[in-house]
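Okay, coords-v1.txt now, which holds compact mmCIF, C-alpha atoms:
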```
# COMPACT_ATOMS: atom_id res chain seq x y z
CA MET A 29 20.27 56.25 44.52
CA ALA A 30 20.71 57.14 40.83
CA ALA A 31 24.28 55.85 40.96
CA CYS A 32 23.03 52.67 42.53
CA SER A 33 20.40 52.23 39.82
CA ALA A 34 22.95 52.80 37.09
CA LYS A 35 25.24 50.30 38.69
CA THR A 36 22.42 47.80 38.92
CA LEU A 37 21.53 48.30 35.29
CA SER A 38 25.13 47.89 34.25
CA LEU A 39 25.22 44.58 36.06
CA VAL A 40 21.99 43.36 34.51
CA LYS A 41 22.79 44.44 30.95
CA PRO A 42 25.86 42.24 30.35
CA SER A 43 24.04 39.17 31.72
CA ALA A 44 21.39 39.51 28.97
CA THR A 45 23.98 39.30 26.21
CA PRO A 46 25.08 35.69 26.86
CA LEU A 47 21.40 34.66 27.20
CA THR A 48 20.51 36.28 23.88
CA SER A 49 23.56 34.71 22.29
CA PHE A 50 22.65 31.35 23.77
CA LEU A 51 19.09 31.51 22.46
CA ALA A 52 20.16 32.74 19.06
CA ARG A 53 22.74 29.99 18.76
CA TYR A 54 20.27 27.22 19.57
CA ALA A 55 17.41 28.80 17.64
CA SER A 56 19.59 28.63 14.50
CA VAL A 57 20.29 24.89 14.75
CA TRP A 58 17.32 24.18 12.46
CA SER A 59 17.69 27.26 10.27
CA ASN A 60 19.04 25.12 7.43
CA VAL A 61 15.96 22.84 7.44
CA GLU A 62 14.08 23.39 4.19
CA MET A 63 10.32 23.26 3.80
CA GLY A 64 9.44 19.83 2.45
CA PRO A 65 7.07 19.37 -0.50
CA PRO A 66 3.43 18.76 0.46
CA ASP A 67 2.05 15.25 0.20
CA ALA A 68 0.32 14.90 -3.18
CA ILE A 69 -2.75 13.14 -1.80
CA LEU A 70 -3.04 15.50 1.16
CA GLY A 71 -2.88 18.45 -1.22
CA VAL A 72 -5.76 17.05 -3.26
CA THR A 73 -7.86 16.59 -0.13
CA GLU A 74 -7.13 20.09 1.16
CA ALA A 75 -8.12 21.65 -2.15
CA PHE A 76 -11.30 19.55 -2.19
CA LYS A 77 -12.28 20.76 1.28
CA LYS A 78 -11.98 24.40 0.24
CA ASP A 79 -14.16 23.97 -2.86
CA SER A 80 -17.76 25.18 -2.43
CA ASN A 81 -19.15 23.36 -5.47
CA PRO A 82 -21.93 21.03 -4.23
CA ASN A 83 -21.04 18.55 -7.01
CA LYS A 84 -17.38 18.29 -6.03
CA ILE A 85 -15.81 14.81 -5.97
CA ASN A 86 -12.66 13.66 -4.17
CA LEU A 87 -11.01 10.82 -6.05
CA GLY A 88 -7.63 11.09 -4.36
CA VAL A 89 -8.00 9.24 -1.06
CA GLY A 90 -7.09 5.55 -0.99
CA ALA A 91 -9.70 4.44 1.52
CA TYR A 92 -12.95 2.62 0.84
CA ARG A 93 -16.25 4.50 0.92
CA ASP A 94 -19.76 3.06 0.69
CA ASP A 95 -22.22 4.13 -2.00
CA ASN A 96 -23.18 7.12 0.15
CA ASN A 97 -19.50 8.15 0.10
CA LYS A 98 -19.15 7.43 3.83
CA PRO A 99 -16.40 5.50 5.67
CA PHE A 100 -17.43 1.88 6.08
CA VAL A 101 -16.83 -0.34 9.09
CA LEU A 102 -17.37 -3.98 8.17
CA PRO A 103 -20.17 -5.73 10.11
CA SER A 104 -17.80 -8.64 10.76
CA VAL A 105 -15.32 -6.20 12.32
CA ARG A 106 -18.03 -4.78 14.60
CA LYS A 107 -18.86 -8.30 15.77
CA ALA A 108 -15.19 -9.11 16.36
CA GLU A 109 -14.85 -5.95 18.44
CA ALA A 110 -17.84 -6.96 20.55
CA ILE A 111 -16.32 -10.41 21.15
CA ILE A 112 -12.99 -8.86 22.15
CA SER A 113 -14.69 -6.37 24.46
CA SER A 114 -16.64 -9.12 26.20
CA LYS A 115 -13.39 -10.88 27.11
CA ALA A 116 -12.10 -7.88 29.08
CA LEU A 117 -8.54 -8.54 27.87
CA ASP A 118 -5.50 -6.77 29.31
CA LYS A 119 -3.34 -4.17 27.55
CA GLU A 120 0.04 -5.82 28.07
CA TYR A 121 2.80 -5.55 25.49
CA ALA A 122 2.71 -7.93 22.56
CA PRO A 123 5.92 -9.92 21.93
CA ILE A 124 8.48 -8.22 19.68
CA SER A 125 7.33 -10.43 16.81
CA GLY A 126 3.69 -9.69 17.56
CA SER A 127 0.71 -11.91 18.30
CA ALA A 128 1.48 -15.52 17.40
CA GLU A 129 -2.22 -16.14 16.74
CA PHE A 130 -2.36 -13.18 14.36
CA CYS A 131 0.82 -14.18 12.53
CA LYS A 132 -0.43 -17.72 11.98
CA ALA A 133 -3.82 -16.51 10.72
CA ALA A 134 -2.29 -13.88 8.43
CA ILE A 135 0.21 -16.13 6.69
CA SER A 136 -2.35 -18.94 6.38
CA LEU A 137 -4.66 -16.54 4.56
CA ALA A 138 -1.87 -15.60 2.15
CA PHE A 139 -0.31 -19.01 1.50
CA GLY A 140 -3.39 -21.19 1.99
CA ASP A 141 -4.01 -23.65 4.80
CA GLY A 142 -2.50 -26.52 2.82
CA SER A 143 0.77 -24.71 2.07
CA SER A 144 3.82 -26.99 2.24
CA VAL A 145 5.86 -24.00 3.45
CA LEU A 146 3.63 -23.73 6.54
CA GLN A 147 3.54 -27.48 7.09
CA GLU A 148 7.34 -27.62 7.00
CA GLY A 149 7.73 -24.60 9.28
CA ARG A 150 9.88 -22.73 6.75
CA ASN A 151 8.20 -19.35 7.14
CA VAL A 152 9.20 -16.53 9.46
CA THR A 153 6.20 -14.27 10.08
CA VAL A 154 6.14 -11.21 12.32
CA GLN A 155 3.45 -8.65 12.94
CA GLY A 156 4.13 -5.30 11.29
CA ILE A 157 2.59 -1.85 11.51
CA SER A 158 0.29 -2.43 8.54
CA GLY A 159 1.73 -2.75 5.04
CA THR A 160 4.08 0.21 5.29
CA GLY A 161 5.61 -1.04 8.54
CA SER A 162 5.93 -4.55 7.16
CA LEU A 163 7.76 -3.25 4.11
CA ARG A 164 9.98 -1.19 6.40
CA ILE A 165 10.95 -4.27 8.42
CA GLY A 166 11.68 -6.12 5.21
CA SER A 167 13.78 -3.33 3.74
CA ALA A 168 15.85 -3.09 6.93
CA PHE A 169 16.42 -6.86 6.93
CA LEU A 170 17.42 -6.86 3.25
CA ALA A 171 19.73 -3.86 3.66
CA LYS A 172 21.56 -5.64 6.46
CA PHE A 173 21.85 -9.17 5.08
CA LEU A 174 21.46 -9.05 1.30
CA PRO A 175 24.82 -8.60 -0.47
CA ASN A 176 23.13 -6.85 -3.39
CA LYS A 177 21.86 -3.44 -2.22
CA THR A 178 19.66 -2.74 -5.25
CA VAL A 179 15.90 -3.25 -5.46
CA TRP A 180 13.91 -3.32 -8.70
CA LEU A 181 10.44 -1.75 -8.55
CA PRO A 182 7.75 -1.64 -11.25
CA SER A 183 7.31 1.62 -13.14
CA PRO A 184 5.18 3.16 -11.79
CA THR A 185 4.78 1.88 -8.25
CA TRP A 186 3.19 2.93 -4.96
CA GLY A 187 4.68 6.26 -3.91
CA ASN A 188 5.97 4.95 -0.58
CA HIS A 189 8.02 2.09 -2.04
CA VAL A 190 10.86 4.33 -3.19
CA PRO A 191 11.46 6.21 0.10
CA ILE A 192 11.07 3.03 2.16
CA PHE A 193 14.01 1.41 0.40
CA LYS A 194 16.04 4.59 0.04
CA HIS A 195 15.77 5.24 3.77
CA VAL A 196 17.71 2.04 4.46
CA GLY A 197 20.40 2.98 1.95
CA MET A 198 19.33 0.74 -0.92
CA GLU A 199 19.59 1.78 -4.55
CA VAL A 200 16.23 1.89 -6.34
CA LYS A 201 15.87 0.93 -10.00
CA GLN A 202 12.72 0.28 -12.01
CA TYR A 203 11.55 -2.23 -14.60
CA ARG A 204 8.95 -1.55 -17.27
CA TYR A 205 5.41 -2.41 -16.21
CA TYR A 206 2.68 0.01 -17.32
CA ASP A 207 2.04 0.88 -20.96
CA PRO A 208 0.49 4.38 -21.22
CA LYS A 209 -0.50 3.71 -24.84
CA THR A 210 -2.86 0.89 -23.87
CA CYS A 211 -3.41 1.78 -20.19
CA GLY A 212 -2.49 -1.86 -19.63
CA LEU A 213 0.50 -4.08 -18.89
CA ASP A 214 3.70 -3.68 -20.89
CA PHE A 215 4.22 -7.42 -20.68
CA ASN A 216 6.94 -7.64 -23.34
CA GLY A 217 8.85 -4.79 -21.70
CA THR A 218 8.53 -6.42 -18.28
CA ILE A 219 9.80 -9.78 -19.52
CA GLU A 220 12.67 -8.17 -21.44
CA ASP A 221 13.75 -6.21 -18.37
CA PHE A 222 13.55 -9.34 -16.22
CA LYS A 223 15.72 -11.24 -18.68
CA ASN A 224 18.33 -8.48 -18.45
CA LEU A 225 18.44 -8.41 -14.64
CA PRO A 226 21.73 -9.27 -12.95
CA GLU A 227 21.59 -12.72 -11.41
CA GLY A 228 20.26 -12.71 -7.84
CA SER A 229 18.45 -9.37 -8.18
CA LEU A 230 15.86 -8.26 -5.62
CA VAL A 231 12.53 -7.61 -7.36
CA LEU A 232 9.38 -6.20 -5.80
CA LEU A 233 6.03 -7.37 -7.19
CA HIS A 234 2.49 -6.23 -6.41
CA ALA A 235 0.57 -9.41 -5.61
CA CYS A 236 -2.75 -8.04 -6.88
CA ALA A 237 -4.53 -4.73 -7.58
CA HIS A 238 -1.35 -2.94 -8.62
CA ASN A 239 -1.16 0.51 -7.06
CA PRO A 240 -1.45 3.01 -8.73
CA THR A 241 -2.44 1.52 -12.11
CA GLY A 242 -4.89 -1.27 -11.27
CA VAL A 243 -3.12 -3.33 -13.96
CA ASP A 244 -2.40 -6.97 -13.04
CA PRO A 245 -0.82 -9.77 -15.08
CA ASN A 246 -3.10 -12.66 -16.00
CA PRO A 247 -2.27 -16.20 -14.80
CA GLU A 248 -0.34 -17.05 -17.96
CA GLN A 249 1.72 -13.87 -17.67
CA TRP A 250 2.45 -14.57 -13.99
CA GLN A 251 3.64 -18.03 -15.05
CA ALA A 252 6.02 -16.58 -17.64
CA MET A 253 7.32 -14.01 -15.15
CA SER A 254 7.94 -16.72 -12.57
CA GLU A 255 9.93 -18.80 -15.04
CA VAL A 256 12.15 -15.92 -16.13
CA LEU A 257 12.77 -14.72 -12.58
CA LYS A 258 13.55 -18.28 -11.47
CA SER A 259 16.14 -18.57 -14.25
CA LYS A 260 17.73 -15.33 -12.98
CA LYS A 261 17.73 -16.62 -9.38
CA ALA A 262 15.89 -13.46 -8.40
CA LEU A 263 14.75 -12.81 -4.83
CA LEU A 264 11.12 -11.71 -4.86
CA PHE A 265 9.41 -9.40 -2.41
CA PHE A 266 5.62 -9.43 -2.79
CA ASP A 267 3.55 -6.51 -1.52
CA MET A 268 0.01 -7.78 -0.90
CA ALA A 269 -2.20 -4.95 0.35
CA TYR A 270 -5.48 -5.96 -1.31
CA GLN A 271 -6.08 -9.68 -0.83
CA GLY A 272 -9.81 -10.21 -1.33
CA PHE A 273 -10.43 -6.55 -2.05
CA ALA A 274 -9.35 -6.80 -5.71
CA SER A 275 -11.53 -9.58 -7.14
CA GLY A 276 -13.70 -10.39 -4.14
CA SER A 277 -11.92 -13.73 -3.69
CA VAL A 278 -9.04 -14.13 -1.24
CA ASP A 279 -7.85 -17.21 -3.13
CA LYS A 280 -7.92 -15.60 -6.57
CA ASP A 281 -6.06 -12.56 -5.29
CA ALA A 282 -3.39 -14.81 -3.74
CA PHE A 283 -2.77 -16.60 -7.05
CA ALA A 284 0.59 -14.99 -7.81
CA VAL A 285 2.01 -15.51 -4.32
CA ARG A 286 0.95 -19.18 -4.22
CA LYS A 287 2.07 -19.79 -7.81
CA PHE A 288 5.57 -18.48 -7.14
CA LEU A 289 5.80 -20.61 -3.98
CA ASP A 290 4.74 -23.68 -5.96
CA ASP A 291 7.44 -22.84 -8.49
CA GLY A 292 10.08 -22.98 -5.76
CA HIS A 293 10.66 -19.29 -5.07
CA ASN A 294 11.55 -18.49 -1.45
CA ILE A 295 9.75 -15.17 -1.33
CA LEU A 296 9.37 -12.27 1.09
CA LEU A 297 5.87 -10.97 1.72
CA ALA A 298 4.32 -7.81 3.18
CA GLN A 299 0.63 -7.97 4.07
CA SER A 300 -1.88 -5.33 5.10
CA PHE A 301 -5.38 -5.61 6.54
CA ALA A 302 -6.19 -1.93 6.01
CA LYS A 303 -8.21 -2.41 2.83
CA ASN A 304 -9.67 -5.91 3.06
CA MET A 305 -10.86 -5.48 6.66
CA GLY A 306 -11.14 -1.71 6.67
CA LEU A 307 -8.64 -1.52 9.54
CA TYR A 308 -6.90 1.62 8.26
CA GLY A 309 -6.19 3.19 11.64
CA GLU A 310 -5.53 -0.10 13.45
CA ARG A 311 -2.28 -0.66 11.51
CA ALA A 312 -2.48 -4.44 11.22
CA GLY A 313 0.02 -6.10 8.90
CA ALA A 314 2.60 -8.85 8.65
CA PHE A 315 6.05 -9.44 7.18
CA SER A 316 7.19 -12.92 6.19
CA VAL A 317 10.31 -14.59 4.86
CA VAL A 318 10.27 -18.07 3.34
CA CYS A 319 13.41 -19.96 4.29
CA THR A 320 15.13 -23.17 3.20
CA ASP A 321 14.49 -25.04 6.46
CA LYS A 322 13.49 -24.61 10.10
CA ASP A 323 17.04 -23.89 11.24
CA GLU A 324 17.41 -21.05 8.78
CA ALA A 325 13.97 -19.76 9.79
CA ALA A 326 15.00 -19.65 13.46
CA ARG A 327 18.12 -17.64 12.63
CA VAL A 328 16.21 -15.22 10.41
CA MET A 329 13.56 -14.71 13.09
CA SER A 330 16.22 -13.89 15.68
CA GLN A 331 17.68 -11.18 13.45
CA ILE A 332 14.33 -9.67 12.50
CA LYS A 333 13.45 -9.32 16.17
CA ILE A 334 16.78 -7.55 16.75
CA LEU A 335 15.84 -5.08 13.99
CA ILE A 336 12.32 -4.50 15.32
CA ARG A 337 13.36 -3.90 18.94
CA PRO A 338 14.93 -0.42 18.43
CA MET A 339 12.51 0.44 15.61
CA TYR A 340 9.23 0.34 17.58
CA SER A 341 9.76 -2.44 20.13
CA ASN A 342 6.29 -4.01 20.03
CA PRO A 343 3.39 -3.82 17.57
CA PRO A 344 -0.14 -2.61 18.49
CA ILE A 345 -2.51 -5.28 19.78
CA ASN A 346 -6.06 -4.20 18.94
CA GLY A 347 -5.96 -4.60 15.17
CA ALA A 348 -4.20 -7.94 15.50
CA ARG A 349 -6.93 -9.13 17.86
CA ILE A 350 -9.63 -8.14 15.38
CA VAL A 351 -7.93 -10.01 12.53
CA SER A 352 -7.29 -13.09 14.70
CA THR A 353 -10.88 -13.14 15.93
CA ILE A 354 -12.33 -12.92 12.42
CA LEU A 355 -10.02 -15.47 10.82
CA GLY A 356 -10.18 -17.81 13.82
CA ASP A 357 -13.96 -18.10 13.94
CA ALA A 358 -15.55 -20.06 11.05
CA ALA A 359 -18.85 -18.18 11.10
CA LEU A 360 -17.20 -14.77 11.43
CA ARG A 361 -14.67 -15.58 8.72
CA SER A 362 -17.52 -16.55 6.40
CA GLU A 363 -19.27 -13.25 7.11
CA TRP A 364 -16.04 -11.33 6.51
CA LEU A 365 -15.58 -13.02 3.13
CA LYS A 366 -19.04 -11.73 2.19
CA ASP A 367 -18.16 -8.26 3.50
CA VAL A 368 -14.96 -8.01 1.49
CA LYS A 369 -16.68 -9.37 -1.62
CA GLY A 370 -19.35 -6.71 -1.18
CA MET A 371 -16.70 -3.99 -1.19
CA ALA A 372 -14.96 -5.47 -4.23
CA ASP A 373 -18.25 -5.87 -6.09
CA ARG A 374 -19.17 -2.23 -5.50
CA ILE A 375 -15.83 -1.08 -6.92
CA ILE A 376 -16.26 -3.37 -9.94
CA SER A 377 -19.81 -2.06 -10.44
CA MET A 378 -18.58 1.54 -10.39
CA ARG A 379 -16.00 0.72 -13.05
CA THR A 380 -18.73 -0.67 -15.29
CA GLN A 381 -21.04 2.30 -14.66
CA LEU A 382 -18.28 4.82 -15.34
CA ARG A 383 -17.39 3.21 -18.65
CA THR A 384 -21.07 2.93 -19.61
CA ASN A 385 -21.73 6.58 -18.80
CA LEU A 386 -18.69 7.71 -20.80
CA GLU A 387 -20.11 5.83 -23.78
CA LYS A 388 -23.52 7.45 -23.19
CA GLU A 389 -21.84 10.86 -23.26
CA GLY A 390 -20.72 10.04 -26.77
CA SER A 391 -17.03 9.50 -26.05
CA THR A 392 -15.24 7.81 -28.93
CA ARG A 393 -12.19 6.99 -26.85
CA ASN A 394 -11.53 3.38 -25.85
CA TRP A 395 -12.29 3.18 -22.13
CA ASN A 396 -11.98 -0.61 -21.87
CA HIS A 397 -9.09 -0.20 -19.46
CA ILE A 398 -11.47 1.11 -16.80
CA THR A 399 -13.08 -2.31 -16.53
CA ASP A 400 -9.94 -4.27 -17.42
CA GLN A 401 -8.07 -2.80 -14.46
CA ILE A 402 -8.83 -4.03 -10.96
CA GLY A 403 -8.83 -2.90 -7.36
CA MET A 404 -9.23 0.48 -5.72
CA PHE A 405 -7.36 2.56 -8.28
CA CYS A 406 -7.80 3.26 -11.96
CA PHE A 407 -5.20 4.84 -14.23
CA THR A 408 -7.56 6.74 -16.53
CA GLY A 409 -5.00 7.77 -19.12
CA MET A 410 -5.86 11.45 -18.65
CA THR A 411 -2.95 13.86 -19.02
CA PRO A 412 -1.95 16.48 -16.41
CA PRO A 413 -3.57 19.30 -18.44
CA GLN A 414 -6.78 17.26 -18.70
CA VAL A 415 -6.70 16.58 -14.97
CA GLU A 416 -6.20 20.27 -14.29
CA LYS A 417 -9.19 21.18 -16.48
CA LEU A 418 -11.34 18.47 -14.85
CA THR A 419 -10.58 19.95 -11.45
CA LYS A 420 -11.02 23.56 -12.55
CA ASP A 421 -14.24 23.11 -14.54
CA PHE A 422 -15.94 20.27 -12.68
CA SER A 423 -14.41 20.27 -9.17
CA VAL A 424 -13.24 16.67 -9.56
CA TYR A 425 -10.08 16.20 -7.51
CA LEU A 426 -7.43 13.59 -8.34
CA THR A 427 -3.67 13.29 -8.67
CA LYS A 428 -1.97 14.81 -11.73
CA ASP A 429 -1.06 11.40 -13.15
CA GLY A 430 -4.74 10.69 -13.86
CA ARG A 431 -5.15 8.12 -11.12
CA ILE A 432 -8.59 7.99 -9.55
CA SER A 433 -9.72 6.15 -6.45
CA MET A 434 -12.76 4.15 -7.54
CA ALA A 435 -13.88 4.16 -3.90
CA GLY A 436 -14.87 7.81 -4.34
CA VAL A 437 -17.17 7.00 -7.26
CA THR A 438 -20.81 6.41 -6.29
CA SER A 439 -24.16 5.84 -7.95
CA ALA A 440 -24.94 9.49 -7.24
CA ASN A 441 -21.83 11.04 -8.85
CA VAL A 442 -20.74 8.60 -11.57
CA ALA A 443 -22.77 10.30 -14.32
CA TYR A 444 -21.36 13.72 -13.39
CA LEU A 445 -17.83 12.28 -13.34
CA ALA A 446 -18.31 10.73 -16.80
CA LYS A 447 -19.61 14.05 -18.13
CA GLY A 448 -16.52 15.83 -16.86
CA MET A 449 -14.08 13.20 -18.11
CA HIS A 450 -15.69 13.26 -21.56
CA ALA A 451 -15.59 17.06 -21.68
CA VAL A 452 -11.85 17.24 -21.01
CA THR A 453 -10.82 14.30 -23.22
CA LYS A 454 -12.91 14.78 -26.37
```
Would it be possible to restate this file's structure as structure tokens?
Amino acid sequence: MAACSAKTLSLVKPSATPLTSFLARYASVWSNVEMGPPDAILGVTEAFKKDSNPNKINLGVGAYRDDNNKPFVLPSVRKAEAIISSKALDKEYAPISGSAEFCKAAISLAFGDGSSVLQEGRNVTVQGISGTGSLRIGSAFLAKFLPNKTVWLPSPTWGNHVPIFKHVGMEVKQYRYYDPKTCGLDFNGTIEDFKNLPEGSLVLLHACAHNPTGVDPNPEQWQAMSEVLKSKKALLFFDMAYQGFASGSVDKDAFAVRKFLDDGHNILLAQSFAKNMGLYGERAGAFSVVCTDKDEAARVMSQIKILIRPMYSNPPINGARIVSTILGDAALRSEWLKDVKGMADRIISMRTQLRTNLEKEGSTRNWNHITDQIGMFCFTGMTPPQVEKLTKDFSVYLTKDGRISMAGVTSANVAYLAKGMHAVTK
């Protein structure tokens, strides 16, 4: 019996070795994968959550909050959802290019109903997965068909712009944009860099409410930029994530896009409805290309659909339905315009109150840039050490570059924020 047991064990033992070897071999496939750096914004939020200070403020998140610091669902969106629900619509796939109704409404909002580009059928517009997805479609299209594989981005720019273009193999370069000395636009530097661009360069522009600085060119500066870029035969890719949310006017915020079209630029455009309709989790966006004629537009559309098919196949339908319902109903559209203006006005009011409270604290610094800048974000001009002290001493959380989300500033905390900012900058 003992001999039998020993024999059995000897048979079992060798069989475990190949299994162990097999598991070890396949367990080590990912052993060379390094831990990636944490997301900067996520890190700010996590630190904020752990803080027990009742006066703590989170100024890192790029999502709108009402004056009670709560997420805000627009009344017009609630009504659109009720209308959609009452129709008992199906859940079938959208076309590869997305909802035609949504695409028409989105590009009409950007270009204006009287746009000659739309009247001539020269635009190609597809539904994207919000602004990020729309930029991703555009980058893939450019990487495949644009001979020049370099894109010029403003310095600084939204953190996702660089990886989006690098992921499709494009080289990323930057042109001067923000002047840290004035916390405003380095207009002369921008124009000089544009004049030195190679002919036919691809240039990305923020249509309004530049992220992260909140610094936008004025109409005269946009005009000068258009002229220089036209002389360089540059191809322009506008990122428009804040139409209506910046100034409170969808037409004013579309000035640059419409101006460049009027000047004869055949632009590319990425749109997002996350901010101006509060559809963050619905992922509603659009990507457009302006072509020379209808024939070119048809060919471009065919290739964009070929790119989208293996990327995600079809876009989500619910957010697109909400946008289409709001923009397609005159009364609901009117209500939405009031909703988005209300959000913009609150942000503008917080900028004014923050600057006023800093002055009340006795700050001798020039804080004009707080009210000169526009949109959700403000580049305060605070240095990393000042930001660190503001977080340590006052539990105010923001990114190290001094950028604050004005959406996190409320009537209840603006005085406390000003006190902290003054304390670390005096």
Sorted by chain and rising residue number, which residues of stretch 228-277 of chain A lie within 10 Å of stretch 361-368 of chain A, and what are their closest atom pairs and distances in Å to one decimal, counting all atoms listed in the file, as CSV?
```
residue,atom,partner,partner_atom,distance
A:Gln271,CA,A:Val368,CA,9.3
A:Gly272,CA,A:Val368,CA,6.3
A:Phe273,CA,A:Val368,CA,5.9
A:Ala274,CA,A:Val368,CA,9.2
A:Ser275,CA,A:Val368,CA,9.4
A:Gly276,CA,A:Val368,CA,6.2
A:Ser277,CA,A:Leu365,CA,7.8
```
Please provide the set of residues having any atom within 8 Å of stretch 384-400 of chain A, restricted to all atoms listed in the file, with same-chain residues fewer than 3 positions apart removed, written as a short mmCIF file (atom, residue, chain, number, x, y, z; two decimals) with C-alpha atoms, in the coordinates of the input.
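Final output, around-v1.cif:
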```
data_model
loop_
_atom_site.label_atom_id
_atom_site.label_comp_id
_atom_site.auth_asym_id
_atom_site.auth_seq_id
_atom_site.Cartn_x
_atom_site.Cartn_y
_atom_site.Cartn_z
CA THR A 210 -2.86 0.89 -23.87
CA CYS A 211 -3.41 1.78 -20.19
CA GLY A 212 -2.49 -1.86 -19.63
CA VAL A 243 -3.12 -3.33 -13.96
CA ILE A 376 -16.26 -3.37 -9.94
CA ARG A 379 -16.00 0.72 -13.05
CA THR A 380 -18.73 -0.67 -15.29
CA GLN A 381 -21.04 2.30 -14.66
CA CYS A 406 -7.80 3.26 -11.96
CA PHE A 407 -5.20 4.84 -14.23
CA THR A 408 -7.56 6.74 -16.53
CA VAL A 442 -20.74 8.60 -11.57
CA ALA A 443 -22.77 10.30 -14.32
CA ALA A 446 -18.31 10.73 -16.80
CA LYS A 447 -19.61 14.05 -18.13
CA MET A 449 -14.08 13.20 -18.11
CA HIS A 450 -15.69 13.26 -21.56
CA LYS A 454 -12.91 14.78 -26.37
#
```
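If only C-alpha atoms are the atoms counted, then among A:Val200, A:Val152, A:Met410, A:Ile165 the closest residue to A:Thr320 is A:Val152.
Distance annotation: of A:Gly430, A:Gly187, A:Gly306, A:Pro343, the residue with the minimal separation from A:Gly409 is A:Gly430; atom set is all atoms listed in the file.
Residues with any atom within 8 Å of stretch 87-94 of chain A, counting only C-alpha atoms and excluding same-chain neighbours fewer than 6 positions away, are A:Ile69, A:Val72, A:Thr73, A:Phe100, A:Lys303, A:Gly306, A:Tyr308, A:Met371, A:Met404, A:Phe405, A:Val424, A:Tyr425, A:Leu426, A:Thr427, A:Arg431, A:Ile432, A:Ser433, A:Met434, A:Ala435, A:Gly436, A:Val437, A:Thr438.
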Can you list every residue of stretch 128-205 of chain A that has an atom at most 9 Å from stretch 113-124 of chain A, with its nearest atom pair and the distance in Å to one decimal, using only C-alpha atoms, ordered by chain then number, as a tab-separated table?
```
residue	atom	partner	partner_atom	distance
A:Ala128	CA	A:Pro123	CA	8.5
A:Val154	CA	A:Ile124	CA	8.3
A:Gln155	CA	A:Ile124	CA	8.4
```
Could you rebuild stretch 344-357 of chain A with N, CA and C atoms and give me the result as a PDB file, keeping the file's coordinate frame?
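Ended up saving to selection29.pdb:
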```pdb
ATOM      1  N   PRO A 344       1.148  -2.827  17.813  1.00  0.00           N
ATOM      2  CA  PRO A 344      -0.140  -2.610  18.490  1.00  0.00           C
ATOM      3  C   PRO A 344      -0.965  -3.896  18.536  1.00  0.00           C
ATOM      4  N   ILE A 345      -1.805  -4.006  19.559  1.00  0.00           N
ATOM      5  CA  ILE A 345      -2.510  -5.280  19.780  1.00  0.00           C
ATOM      6  C   ILE A 345      -3.951  -5.312  19.277  1.00  0.00           C
ATOM      7  N   ASN A 346      -4.618  -4.163  19.214  1.00  0.00           N
ATOM      8  CA  ASN A 346      -6.060  -4.200  18.940  1.00  0.00           C
ATOM      9  C   ASN A 346      -6.394  -4.703  17.538  1.00  0.00           C
ATOM     10  N   GLY A 347      -5.706  -4.162  16.530  1.00  0.00           N
ATOM     11  CA  GLY A 347      -5.960  -4.600  15.170  1.00  0.00           C
ATOM     12  C   GLY A 347      -5.653  -6.077  14.976  1.00  0.00           C
ATOM     13  N   ALA A 348      -4.569  -6.526  15.597  1.00  0.00           N
ATOM     14  CA  ALA A 348      -4.200  -7.940  15.500  1.00  0.00           C
ATOM     15  C   ALA A 348      -5.271  -8.826  16.121  1.00  0.00           C
ATOM     16  N   ARG A 349      -5.860  -8.366  17.219  1.00  0.00           N
ATOM     17  CA  ARG A 349      -6.930  -9.130  17.860  1.00  0.00           C
ATOM     18  C   ARG A 349      -8.169  -9.222  16.971  1.00  0.00           C
ATOM     19  N   ILE A 350      -8.472  -8.131  16.289  1.00  0.00           N
ATOM     20  CA  ILE A 350      -9.630  -8.140  15.380  1.00  0.00           C
ATOM     21  C   ILE A 350      -9.418  -9.140  14.256  1.00  0.00           C
ATOM     22  N   VAL A 351      -8.243  -9.091  13.630  1.00  0.00           N
ATOM     23  CA  VAL A 351      -7.930 -10.010  12.530  1.00  0.00           C
ATOM     24  C   VAL A 351      -7.969 -11.462  13.016  1.00  0.00           C
ATOM     25  N   SER A 352      -7.335 -11.728  14.158  1.00  0.00           N
ATOM     26  CA  SER A 352      -7.290 -13.090  14.700  1.00  0.00           C
ATOM     27  C   SER A 352      -8.684 -13.601  15.025  1.00  0.00           C
ATOM     28  N   THR A 353      -9.515 -12.736  15.573  1.00  0.00           N
ATOM     29  CA  THR A 353     -10.880 -13.140  15.930  1.00  0.00           C
ATOM     30  C   THR A 353     -11.687 -13.484  14.694  1.00  0.00           C
ATOM     31  N   ILE A 354     -11.572 -12.669  13.659  1.00  0.00           N
ATOM     32  CA  ILE A 354     -12.330 -12.920  12.420  1.00  0.00           C
ATOM     33  C   ILE A 354     -11.853 -14.185  11.719  1.00  0.00           C
ATOM     34  N   LEU A 355     -10.545 -14.323  11.558  1.00  0.00           N
ATOM     35  CA  LEU A 355     -10.020 -15.470  10.820  1.00  0.00           C
ATOM     36  C   LEU A 355     -10.047 -16.758  11.633  1.00  0.00           C
ATOM     37  N   GLY A 356     -10.171 -16.621  12.962  1.00  0.00           N
ATOM     38  CA  GLY A 356     -10.180 -17.810  13.820  1.00  0.00           C
ATOM     39  C   GLY A 356     -11.549 -18.359  14.140  1.00  0.00           C
ATOM     40  N   ASP A 357     -12.586 -17.672  13.687  1.00  0.00           N
ATOM     41  CA  ASP A 357     -13.960 -18.100  13.940  1.00  0.00           C
ATOM     42  C   ASP A 357     -14.614 -18.405  12.589  1.00  0.00           C
TER      43      ASP A 357
END
```
